[in-house]
Amino acid sequence: AQQQAAEKLPRPKLVVGIMVDQMRWDYLYRYYDRYQPNGFKRMLREGFTCENTFIDYVPTVTGIGHSTVYTGSVPAIHGITGNDFLINATGLSINCVGDSTVQTVGSSSNAGKMSPRNLLVTTITDELKLATNFRSKVIGIALKDRGAILPAGHLANAAYWFDDASGNMITSAYYMDELPGWVQEFNAKKLPEKYLKQDWKTLYGLNTYTQSLPDDNPYEGKFSGQETPVFPVKTSGMLEKGFGVLRRVPFGNSYTFDMAKAAVENEKLGQGVFTDFLALSFSATDGVGHQFGINSIEVEDTYLRLDKDIASFFAFLDGKIGKGNYTVFLTADHGAAHNSQFLMDRKVPAGIWKGGDLMNELNALLEKKYQAAKLVSRFSASQVSLNDPVIRKNNLDKESIKQDCIRFLKDVPGVAFVVDMERASEASIPEEIKNRIINGYNPYRSGVIQVILEPGWQGYALGTGHSVWNPYDAHIPAVFMGWGIKQGKTVRQTHMTDIAPTIASLLRVQMPNGSIGKAIPEALK
C-alpha cells in the first residue's frame with residue numbers, strides 16, 4: 001500500500017493580490033478617520049504593513065508597476081519599460097500587452113488582441129503553477145488589459161478585462177477560444193449599465209469632505225458636457241458614448257469586485273486541494289485621480305467607496321474560504337503628484353513641464369544640422385528615444401545626435417538632470433536616483449536619455465500625473481494579511497521588488513526567474 005504522507009505542506013487555500021492603480025501610500029492614512037472598521041483598517045489591524053515601500057525604477061507607470069510587483073524584477077530585466085514602448089531596432093511602438101497574433105474573445109472589438117508575451121520573465125503566479133504541476137488555478141481580473149494580464153502571468157488559466165465598446169468582460173485567444181458560461185452569464189447582467197444609470201453622487205454630505213478642496217476648484221478636469229467638475233456626475237447621460245466612463249468613476253472598482261466574487265464562486269477558487277491565486281487590479285482610482293487630482297472630493301469619495309467594497313469582499317472570502325485560510329496583499333503600481341498649479345498658487349516650488357512640445361523643437365534643431373527628419377522618434381515619460389532606422393539609413397553618428405539632445409535639454413526650465421542611459425553609472429546624481437534609472441533601462445526597449453525633473457514639476461495642467469522618482473509617485477502601500485502573516489509593521493525601507501519574493505517564501509515556491517527583490521522576513525510567521 002502507498003504510504004500516506006504524514007503531513008501536508010502548509011499553504012493558504014487562496015492568495016489574493018490587490019493592486020490599487022495610482023494609490024499613494026498616504027491614502028491609507030489621509031482618509032483613515034472615515035474608513036470602515038473592516039476595509040483598509042482591517043488590513044492594518046490584523047496584517048503587516050511596510051510603511052516605506054518604494055518603487056525601484058523610473059518611470060513609474062502602470063504596465064511596469066504591475067509587472068514589477070508580480071515578478072520581483074525591474075524593466076532592465078523583465079522588459080516592460082512603459083505602458084507602450086518602442087522596439088528600438090525596428091522603431092515600432094507596441095502596447096505592453098499588445099499581441100497581433102491573438103484574437104479577441106467575447107467581443108467584436110480589437111480590445112482583446114492582448115497577451116503576456118512581451119513580459120520576458122516569470123511571475124509569482126507562474127511559479128505557483130510550476131510548483132503544483134499546473135494544478136493551482138490563476139485568474140487575473142481588471143478593467144485595464146495590462147492590469148489583468150501582467151499579474152496573471154504566462155501560465156494563467158484566464159485573464160479578463162473590460163471592453164469599452166460592448167461593456168463586457170473579455171479575454172483573448174491566448175487563454176481560451178470562448179468565454180466560460182459563468183462569464184457570459186456575468187456579462188448578461190449588464191452591470192456597467194446599471195451602475196452608470198445610478199449617477200455618481202457623494203456617499204456622504206459634501207460638507208463632510210474636509211480633507212479635500214472645495215468641489216468646484218480650478219485644478220480639476222471635467223467630463224465632456226459638464227460646465228464645472230462638480231457633483232452629482234450624470235453618468236446616466238454618458239452611456240450613448242460607450243462604457244468607457246466606467247474607468248473614471250468609482251463604480252468601475254465595484255464592478256471589478258463583482259467579477260472577482262463571480263470568479264471565486266464559479267471557479268471554486270481556494271476551495272480545492274491546491275493553492276489558487278486571484279490577481280485583482282482596481283483601475284478606476286487611476287481614472288479618477290488623473291482627471292481630478294489628489295486633493296479632490298472625487299478622489300476622497302472613490303477611496304471611501306473602495307474601502308467599503310474591500311470590507312464587503314473580505315466578508316465574502318471569510319464566508320467562502322474561511323477567515324485565516326487565505327492570504328491577501330495590497331499594493332499600488334505608482335502614486336500621483338499634487339497638481340503643479342495648486343502648489344504654485346500656494347508658494348510651493350513647482351512647474352508645468354512642456355515635454356510633449358519639446359520633441360518638435362528638438363527634431364527641427366537636429367534636422368537643420370543632420371539633414372534628416374524625425375531623428376527623435378519619441379519623448380515620453382521623460383525619456384528620449386532616437387530613430388535608429390533613420391540614423392542607420394543615413395549613416396549618421398548616433399553618439400553626436402545624443403549629445404546634441406542632452407545639451408539642448410539641460411537648458412530647459414524644470415530639468416534637474418539629463419542622463420545618458422548607457423553612462424548612467426557615471427552620472428553625477430544621487431545614488432538612489434541613479435539606481436532607479438539603471439533598473440529602468442532596457443537597451444532594446446527604452447529611450448537613450450532620461451530627463452529628471454525638479455520636484456513638483458509635471459506635465460498636467462489639470463488633475464494629476466505620475467512617472468517620476470519622487471516619493472509622491474514612488475512611495476506605495478504594501479500591506480499583507482491573513483494566512484502566514486504576522487501582525488505588525490516595519491518602517492525600514494522595503495521595495496516593490498520585495499513583494500513577489502515574500503509571497504514566494506510564504507508559499508514555499510521558487511521566486512520568479514528575474515527577481516532581484518528580497519523577502520520581508522518580519523511579515524511572515
# chains A, B, ... in the order shown; residues from 1 in each chain; ligands from 1
>>> residues_around(residues="Asp99 (chain A)", least_positions_apart="4", cutoff="7 Å", atoms="only C-alpha atoms", output="list in words")
Lys113, Met114 and Ser115 of chain A
>>> select_by_dssp(residues="region 392-453 of chain A", states="helix (DSSP H, G or I)", output="number ranges by chain")
A: 392-393, 398-410, 421-426, 431-440
>>> residues_around(residues="Pro214 (chain A)", least_positions_apart="2", cutoff="12 Å", atoms="only C-alpha atoms", output="list in words")
Leu206, Asn207, Thr208, Tyr209, Thr210, Gln211, Ser212, Asp216, Asn217, Pro218, Tyr219, Glu220, Pro229, Val230, Phe231, Phe292, Asn295, Ser296, Ile297, Glu298 and Glu300 of chain A
>>> closest_residue(among="A:Ser385, A:Thr331, A:Ser380, A:Ser93", to="Leu28 (chain A)", atoms="only C-alpha atoms")
A:Thr331
>>> closest_residue(among="A:Gly47, A:Gly242, A:Pro413, A:Gly79", to="Gly482 (chain A)", atoms="only C-alpha atoms")
A:Gly47
>>> closest_residue(among="A:Leu128, A:Val419, A:Ser73, A:Leu14", to="Lys320 (chain A)", atoms="only C-alpha atoms")
A:Leu14
>>> closest_atom_pairs(of="region 38-100 of chain A", to="region 389-395 of chain A", cutoff="9 Å", atoms="only C-alpha atoms", output="JSON lines")
{"residue": "A:Asn88", "atom": "CA", "partner": "A:Pro389", "partner_atom": "CA", "distance": 8.4}
{"residue": "A:Ala89", "atom": "CA", "partner": "A:Pro389", "partner_atom": "CA", "distance": 6.9}
{"residue": "A:Thr90", "atom": "CA", "partner": "A:Pro389", "partner_atom": "CA", "distance": 6.4}
{"residue": "A:Gly91", "atom": "CA", "partner": "A:Pro389", "partner_atom": "CA", "distance": 6.6}
>>> select_by_dssp(residues="region 235-345 of chain A", states="strand (DSSP E)", output="NGL selection string")
:A and (276-282 or 326-331)
>>> write_last_selection(atoms="C-alpha atoms", output="tab-separated table (two decimals), in the first residue's frame")
chain	number	residue	atom	x	y	z
A	276	ASP	CA	-5.16	29.21	-6.09
A	277	PHE	CA	-4.26	32.80	-6.95
A	278	LEU	CA	-6.63	35.65	-7.79
A	279	ALA	CA	-4.82	38.74	-9.15
A	280	LEU	CA	-7.05	41.83	-8.96
A	281	SER	CA	-6.31	45.35	-10.12
A	282	PHE	CA	-8.56	48.34	-9.47
A	326	TYR	CA	-6.44	32.96	2.57
A	327	THR	CA	-3.62	35.50	2.23
A	328	VAL	CA	-4.13	38.98	0.78
A	329	PHE	CA	-1.60	41.62	-0.18
A	330	LEU	CA	-2.47	45.16	-1.19
A	331	THR	CA	-0.14	47.49	-3.06
>>> residues_around(residues="region 321-325 of chain A", least_positions_apart="2", cutoff="12 Å", atoms="only C-alpha atoms", output="ChimeraX atom specification")
/A:10-16,46-47,261,264-265,268-272,275-276,313-319,327-328,481-486
>>> residues_around(residues="region 305-307 of chain A", least_positions_apart="4", cutoff="9 Å", atoms="only C-alpha atoms", output="number ranges by chain")
A: 35-36, 38-41, 203, 250-251, 253-254, 285, 300-301, 311-312
>>> write_last_selection(atoms="N, CA and C atoms", output="compact mmCIF listing (two decimals), in the first residue's frame")
# COMPACT_ATOMS: atom_id res chain seq x y z
N TYR A 35 -12.70 55.70 7.19
CA TYR A 35 -12.79 54.32 6.69
C TYR A 35 -13.65 53.46 7.61
N GLN A 36 -14.26 52.41 7.02
CA GLN A 36 -14.99 51.39 7.77
C GLN A 36 -14.01 50.65 8.69
N ASN A 38 -13.61 47.45 8.68
CA ASN A 38 -13.18 46.17 8.12
C ASN A 38 -12.66 46.20 6.69
N GLY A 39 -12.25 47.41 6.22
CA GLY A 39 -11.62 47.51 4.91
C GLY A 39 -10.11 47.69 5.09
N PHE A 40 -9.63 48.88 4.73
CA PHE A 40 -8.20 49.18 4.92
C PHE A 40 -7.80 49.01 6.39
N LYS A 41 -8.68 49.42 7.30
CA LYS A 41 -8.35 49.35 8.74
C LYS A 41 -8.17 47.90 9.19
N LEU A 203 -21.02 59.75 -1.29
CA LEU A 203 -21.56 58.82 -0.29
C LEU A 203 -22.16 59.58 0.89
N PRO A 250 -16.01 55.61 -9.51
CA PRO A 250 -15.74 54.53 -8.55
C PRO A 250 -16.52 53.24 -8.83
N PHE A 251 -17.63 53.34 -9.59
CA PHE A 251 -18.39 52.13 -9.93
C PHE A 251 -17.50 51.10 -10.64
N ASN A 253 -14.58 50.19 -9.87
CA ASN A 253 -13.97 49.33 -8.86
C ASN A 253 -14.99 48.33 -8.31
N SER A 254 -16.22 48.81 -8.05
CA SER A 254 -17.27 47.92 -7.53
C SER A 254 -17.55 46.80 -8.52
N THR A 285 -9.49 54.04 -9.73
CA THR A 285 -8.77 55.01 -8.90
C THR A 285 -7.81 55.85 -9.75
N GLU A 300 -11.39 61.47 -2.77
CA GLU A 300 -11.77 61.05 -1.40
C GLU A 300 -12.97 60.11 -1.44
N ASP A 301 -13.99 60.47 -2.21
CA ASP A 301 -15.19 59.64 -2.30
C ASP A 301 -14.87 58.27 -2.90
N ALA A 311 -14.06 45.85 2.34
CA ALA A 311 -14.66 45.24 3.54
C ALA A 311 -15.66 44.15 3.14
N SER A 312 -16.49 44.46 2.15
CA SER A 312 -17.50 43.51 1.70
C SER A 312 -16.85 42.28 1.05
>>> residues_around(residues="Ile516 (chain A)", least_positions_apart="3", cutoff="12 Å", atoms="only C-alpha atoms", output="PDB file with N, CA and C atoms, in the first residue's frame")
ATOM      1  N   ASP A  56      11.444  50.718  -7.470  1.00  0.00           N
ATOM      2  CA  ASP A  56      12.894  50.583  -7.680  1.00  0.00           C
ATOM      3  C   ASP A  56      13.406  51.169  -8.996  1.00  0.00           C
ATOM      4  N   THR A  68       6.374  44.548 -12.166  1.00  0.00           N
ATOM      5  CA  THR A  68       7.398  44.500 -11.120  1.00  0.00           C
ATOM      6  C   THR A  68       6.880  43.844  -9.845  1.00  0.00           C
ATOM      7  N   VAL A  69       5.655  44.187  -9.428  1.00  0.00           N
ATOM      8  CA  VAL A  69       5.090  43.577  -8.218  1.00  0.00           C
ATOM      9  C   VAL A  69       5.053  42.054  -8.359  1.00  0.00           C
ATOM     10  N   TYR A  70       4.656  41.580  -9.528  1.00  0.00           N
ATOM     11  CA  TYR A  70       4.453  40.139  -9.694  1.00  0.00           C
ATOM     12  C   TYR A  70       5.705  39.372 -10.121  1.00  0.00           C
ATOM     13  N   THR A  71       6.747  40.085 -10.565  1.00  0.00           N
ATOM     14  CA  THR A  71       7.981  39.395 -10.967  1.00  0.00           C
ATOM     15  C   THR A  71       9.122  39.606  -9.977  1.00  0.00           C
ATOM     16  N   GLY A  72       9.011  40.626  -9.119  1.00  0.00           N
ATOM     17  CA  GLY A  72      10.134  40.978  -8.248  1.00  0.00           C
ATOM     18  C   GLY A  72      11.321  41.484  -9.046  1.00  0.00           C
ATOM     19  N   SER A  73      11.045  41.873 -10.302  1.00  0.00           N
ATOM     20  CA  SER A  73      12.108  42.273 -11.221  1.00  0.00           C
ATOM     21  C   SER A  73      11.908  43.720 -11.647  1.00  0.00           C
ATOM     22  N   VAL A  74      12.767  44.198 -12.531  1.00  0.00           N
ATOM     23  CA  VAL A  74      12.722  45.594 -12.988  1.00  0.00           C
ATOM     24  C   VAL A  74      12.787  45.619 -14.517  1.00  0.00           C
ATOM     25  N   PRO A  75      12.410  46.759 -15.140  1.00  0.00           N
ATOM     26  CA  PRO A  75      12.356  46.820 -16.611  1.00  0.00           C
ATOM     27  C   PRO A  75      13.643  46.370 -17.311  1.00  0.00           C
ATOM     28  N   ALA A  76      14.805  46.641 -16.703  1.00  0.00           N
ATOM     29  CA  ALA A  76      16.079  46.222 -17.297  1.00  0.00           C
ATOM     30  C   ALA A  76      16.067  44.729 -17.596  1.00  0.00           C
ATOM     31  N   ILE A  77      15.347  43.965 -16.759  1.00  0.00           N
ATOM     32  CA  ILE A  77      15.312  42.504 -16.881  1.00  0.00           C
ATOM     33  C   ILE A  77      13.970  42.017 -17.426  1.00  0.00           C
ATOM     34  N   HIS A  78      12.854  42.530 -16.870  1.00  0.00           N
ATOM     35  CA  HIS A  78      11.554  41.963 -17.300  1.00  0.00           C
ATOM     36  C   HIS A  78      11.037  42.526 -18.621  1.00  0.00           C
ATOM     37  N   VAL A 121       9.991  37.499 -18.318  1.00  0.00           N
ATOM     38  CA  VAL A 121      10.335  36.669 -17.152  1.00  0.00           C
ATOM     39  C   VAL A 121       9.066  36.028 -16.577  1.00  0.00           C
ATOM     40  N   ASN A 439      17.954  50.557 -13.244  1.00  0.00           N
ATOM     41  CA  ASN A 439      16.954  49.486 -13.175  1.00  0.00           C
ATOM     42  C   ASN A 439      15.872  49.630 -14.240  1.00  0.00           C
ATOM     43  N   HIS A 495      11.030  47.456  -0.794  1.00  0.00           N
ATOM     44  CA  HIS A 495      10.938  47.781  -2.215  1.00  0.00           C
ATOM     45  C   HIS A 495       9.811  47.038  -2.894  1.00  0.00           C
ATOM     46  N   MET A 496       9.329  47.630  -3.968  1.00  0.00           N
ATOM     47  CA  MET A 496       8.301  46.986  -4.779  1.00  0.00           C
ATOM     48  C   MET A 496       8.741  45.573  -5.193  1.00  0.00           C
ATOM     49  N   THR A 497      10.034  45.416  -5.461  1.00  0.00           N
ATOM     50  CA  THR A 497      10.563  44.115  -5.898  1.00  0.00           C
ATOM     51  C   THR A 497      10.567  43.074  -4.770  1.00  0.00           C
ATOM     52  N   ASP A 498      10.307  43.491  -3.514  1.00  0.00           N
ATOM     53  CA  ASP A 498      10.330  42.553  -2.383  1.00  0.00           C
ATOM     54  C   ASP A 498       9.013  41.794  -2.213  1.00  0.00           C
ATOM     55  N   ILE A 499       7.954  42.259  -2.888  1.00  0.00           N
ATOM     56  CA  ILE A 499       6.631  41.656  -2.674  1.00  0.00           C
ATOM     57  C   ILE A 499       6.581  40.221  -3.207  1.00  0.00           C
ATOM     58  N   ALA A 500       7.038  39.997  -4.440  1.00  0.00           N
ATOM     59  CA  ALA A 500       6.999  38.649  -5.019  1.00  0.00           C
ATOM     60  C   ALA A 500       7.847  37.645  -4.230  1.00  0.00           C
ATOM     61  N   PRO A 501       9.107  37.993  -3.845  1.00  0.00           N
ATOM     62  CA  PRO A 501       9.880  37.045  -3.051  1.00  0.00           C
ATOM     63  C   PRO A 501       9.242  36.735  -1.691  1.00  0.00           C
ATOM     64  N   THR A 502       8.534  37.707  -1.122  1.00  0.00           N
ATOM     65  CA  THR A 502       7.850  37.479   0.167  1.00  0.00           C
ATOM     66  C   THR A 502       6.728  36.460  -0.010  1.00  0.00           C
ATOM     67  N   MET A 511      11.190  31.764  -6.260  1.00  0.00           N
ATOM     68  CA  MET A 511      10.847  33.135  -6.654  1.00  0.00           C
ATOM     69  C   MET A 511      10.941  33.255  -8.183  1.00  0.00           C
ATOM     70  N   PRO A 512      10.260  34.236  -8.784  1.00  0.00           N
ATOM     71  CA  PRO A 512      10.272  34.377 -10.247  1.00  0.00           C
ATOM     72  C   PRO A 512      11.692  34.487 -10.805  1.00  0.00           C
ATOM     73  N   ASN A 513      11.873  34.090 -12.068  1.00  0.00           N
ATOM     74  CA  ASN A 513      13.225  33.876 -12.591  1.00  0.00           C
ATOM     75  C   ASN A 513      14.015  35.145 -12.907  1.00  0.00           C
ATOM     76  N   ALA A 519      12.904  38.838   0.257  1.00  0.00           N
ATOM     77  CA  ALA A 519      11.706  38.604   1.075  1.00  0.00           C
ATOM     78  C   ALA A 519      11.741  39.501   2.311  1.00  0.00           C
TER      79      ALA A 519
END
>>> closest_residue(among="A:Val376, A:Ala332, A:Leu386, A:Ile401", to="Asp26 (chain A)", atoms="only C-alpha atoms")
A:Ala332
>>> closest_residue(among="A:Leu86, A:Leu365, A:Ala159, A:Val348", to="Val448 (chain A)", atoms="only C-alpha atoms")
A:Leu86
>>> atom_distance(atom1="CA of Asp286 (chain A)", atom2="CA of Val20 (chain A)")
8.2 Å
>>> closest_residue(among="A:Cys96, A:Leu44, A:Leu358, A:Met238", to="Phe223 (chain A)", atoms="only C-alpha atoms")
A:Met238
>>> residues_around(residues="Arg407 (chain A)", least_positions_apart="3", cutoff="12 Å", atoms="only C-alpha atoms", output="list in words")
Leu362, Leu365, Leu366, Ser400, Ile401, Lys402, Gln403, Asp404, Lys410, Asp411, Val412, Val415, Phe417, Val418, Val419, Asp420, Ile449 and Val451 of chain A
>>> write_last_selection(atoms="N, CA, C and O atoms", output="PDB file, in the first residue's frame")
ATOM      1  N   LEU A 362      13.229  69.799 -30.788  1.00  0.00           N
ATOM      2  CA  LEU A 362      14.450  69.005 -30.913  1.00  0.00           C
ATOM      3  C   LEU A 362      14.642  68.512 -32.347  1.00  0.00           C
ATOM      4  O   LEU A 362      15.734  68.595 -32.915  1.00  0.00           O
ATOM      5  N   LEU A 365      15.735  71.252 -34.689  1.00  0.00           N
ATOM      6  CA  LEU A 365      17.147  71.561 -34.443  1.00  0.00           C
ATOM      7  C   LEU A 365      18.065  70.512 -35.092  1.00  0.00           C
ATOM      8  O   LEU A 365      19.042  70.845 -35.772  1.00  0.00           O
ATOM      9  N   LEU A 366      17.715  69.234 -34.898  1.00  0.00           N
ATOM     10  CA  LEU A 366      18.544  68.143 -35.423  1.00  0.00           C
ATOM     11  C   LEU A 366      18.477  68.069 -36.954  1.00  0.00           C
ATOM     12  O   LEU A 366      19.479  67.795 -37.619  1.00  0.00           O
ATOM     13  N   SER A 400      26.780  61.586 -31.508  1.00  0.00           N
ATOM     14  CA  SER A 400      26.771  63.059 -31.547  1.00  0.00           C
ATOM     15  C   SER A 400      25.332  63.596 -31.529  1.00  0.00           C
ATOM     16  O   SER A 400      25.066  64.645 -30.958  1.00  0.00           O
ATOM     17  N   ILE A 401      24.384  62.848 -32.112  1.00  0.00           N
ATOM     18  CA  ILE A 401      22.961  63.255 -32.047  1.00  0.00           C
ATOM     19  C   ILE A 401      22.502  63.246 -30.583  1.00  0.00           C
ATOM     20  O   ILE A 401      21.855  64.188 -30.107  1.00  0.00           O
ATOM     21  N   LYS A 402      22.900  62.193 -29.884  1.00  0.00           N
ATOM     22  CA  LYS A 402      22.526  62.063 -28.473  1.00  0.00           C
ATOM     23  C   LYS A 402      23.096  63.231 -27.655  1.00  0.00           C
ATOM     24  O   LYS A 402      22.372  63.849 -26.855  1.00  0.00           O
ATOM     25  N   GLN A 403      24.353  63.569 -27.881  1.00  0.00           N
ATOM     26  CA  GLN A 403      24.986  64.670 -27.129  1.00  0.00           C
ATOM     27  C   GLN A 403      24.314  66.011 -27.429  1.00  0.00           C
ATOM     28  O   GLN A 403      24.140  66.850 -26.542  1.00  0.00           O
ATOM     29  N   ASP A 404      23.887  66.204 -28.682  1.00  0.00           N
ATOM     30  CA  ASP A 404      23.153  67.433 -29.045  1.00  0.00           C
ATOM     31  C   ASP A 404      21.839  67.516 -28.267  1.00  0.00           C
ATOM     32  O   ASP A 404      21.453  68.582 -27.780  1.00  0.00           O
ATOM     33  N   LYS A 410      19.398  70.221 -21.204  1.00  0.00           N
ATOM     34  CA  LYS A 410      19.941  70.743 -19.941  1.00  0.00           C
ATOM     35  C   LYS A 410      19.484  72.171 -19.668  1.00  0.00           C
ATOM     36  O   LYS A 410      19.459  72.610 -18.522  1.00  0.00           O
ATOM     37  N   ASP A 411      19.148  72.909 -20.717  1.00  0.00           N
ATOM     38  CA  ASP A 411      18.761  74.316 -20.545  1.00  0.00           C
ATOM     39  C   ASP A 411      17.249  74.519 -20.426  1.00  0.00           C
ATOM     40  O   ASP A 411      16.783  75.654 -20.348  1.00  0.00           O
ATOM     41  N   VAL A 412      16.488  73.430 -20.456  1.00  0.00           N
ATOM     42  CA  VAL A 412      15.017  73.572 -20.414  1.00  0.00           C
ATOM     43  C   VAL A 412      14.562  73.794 -18.970  1.00  0.00           C
ATOM     44  O   VAL A 412      15.017  73.095 -18.062  1.00  0.00           O
ATOM     45  N   VAL A 415      14.161  71.167 -15.630  1.00  0.00           N
ATOM     46  CA  VAL A 415      15.027  69.987 -15.741  1.00  0.00           C
ATOM     47  C   VAL A 415      16.103  70.028 -14.651  1.00  0.00           C
ATOM     48  O   VAL A 415      16.838  71.015 -14.544  1.00  0.00           O
ATOM     49  N   PHE A 417      18.275  67.033 -14.023  1.00  0.00           N
ATOM     50  CA  PHE A 417      19.400  66.268 -14.571  1.00  0.00           C
ATOM     51  C   PHE A 417      19.013  65.691 -15.933  1.00  0.00           C
ATOM     52  O   PHE A 417      17.847  65.379 -16.151  1.00  0.00           O
ATOM     53  N   VAL A 418      19.993  65.550 -16.811  1.00  0.00           N
ATOM     54  CA  VAL A 418      19.793  64.844 -18.081  1.00  0.00           C
ATOM     55  C   VAL A 418      20.838  63.737 -18.126  1.00  0.00           C
ATOM     56  O   VAL A 418      22.038  64.007 -18.029  1.00  0.00           O
ATOM     57  N   VAL A 419      20.373  62.499 -18.236  1.00  0.00           N
ATOM     58  CA  VAL A 419      21.287  61.364 -18.075  1.00  0.00           C
ATOM     59  C   VAL A 419      21.337  60.524 -19.349  1.00  0.00           C
ATOM     60  O   VAL A 419      20.299  60.106 -19.875  1.00  0.00           O
ATOM     61  N   ASP A 420      22.546  60.295 -19.809  1.00  0.00           N
ATOM     62  CA  ASP A 420      22.797  59.364 -20.914  1.00  0.00           C
ATOM     63  C   ASP A 420      22.624  57.957 -20.340  1.00  0.00           C
ATOM     64  O   ASP A 420      23.378  57.533 -19.466  1.00  0.00           O
ATOM     65  N   ILE A 449      18.010  58.610 -23.424  1.00  0.00           N
ATOM     66  CA  ILE A 449      18.252  59.721 -22.489  1.00  0.00           C
ATOM     67  C   ILE A 449      17.111  59.747 -21.482  1.00  0.00           C
ATOM     68  O   ILE A 449      15.939  59.630 -21.860  1.00  0.00           O
ATOM     69  N   VAL A 451      15.409  62.189 -18.642  1.00  0.00           N
ATOM     70  CA  VAL A 451      15.343  63.525 -18.053  1.00  0.00           C
ATOM     71  C   VAL A 451      14.763  63.393 -16.647  1.00  0.00           C
ATOM     72  O   VAL A 451      13.746  62.730 -16.456  1.00  0.00           O
TER      73      VAL A 451
END
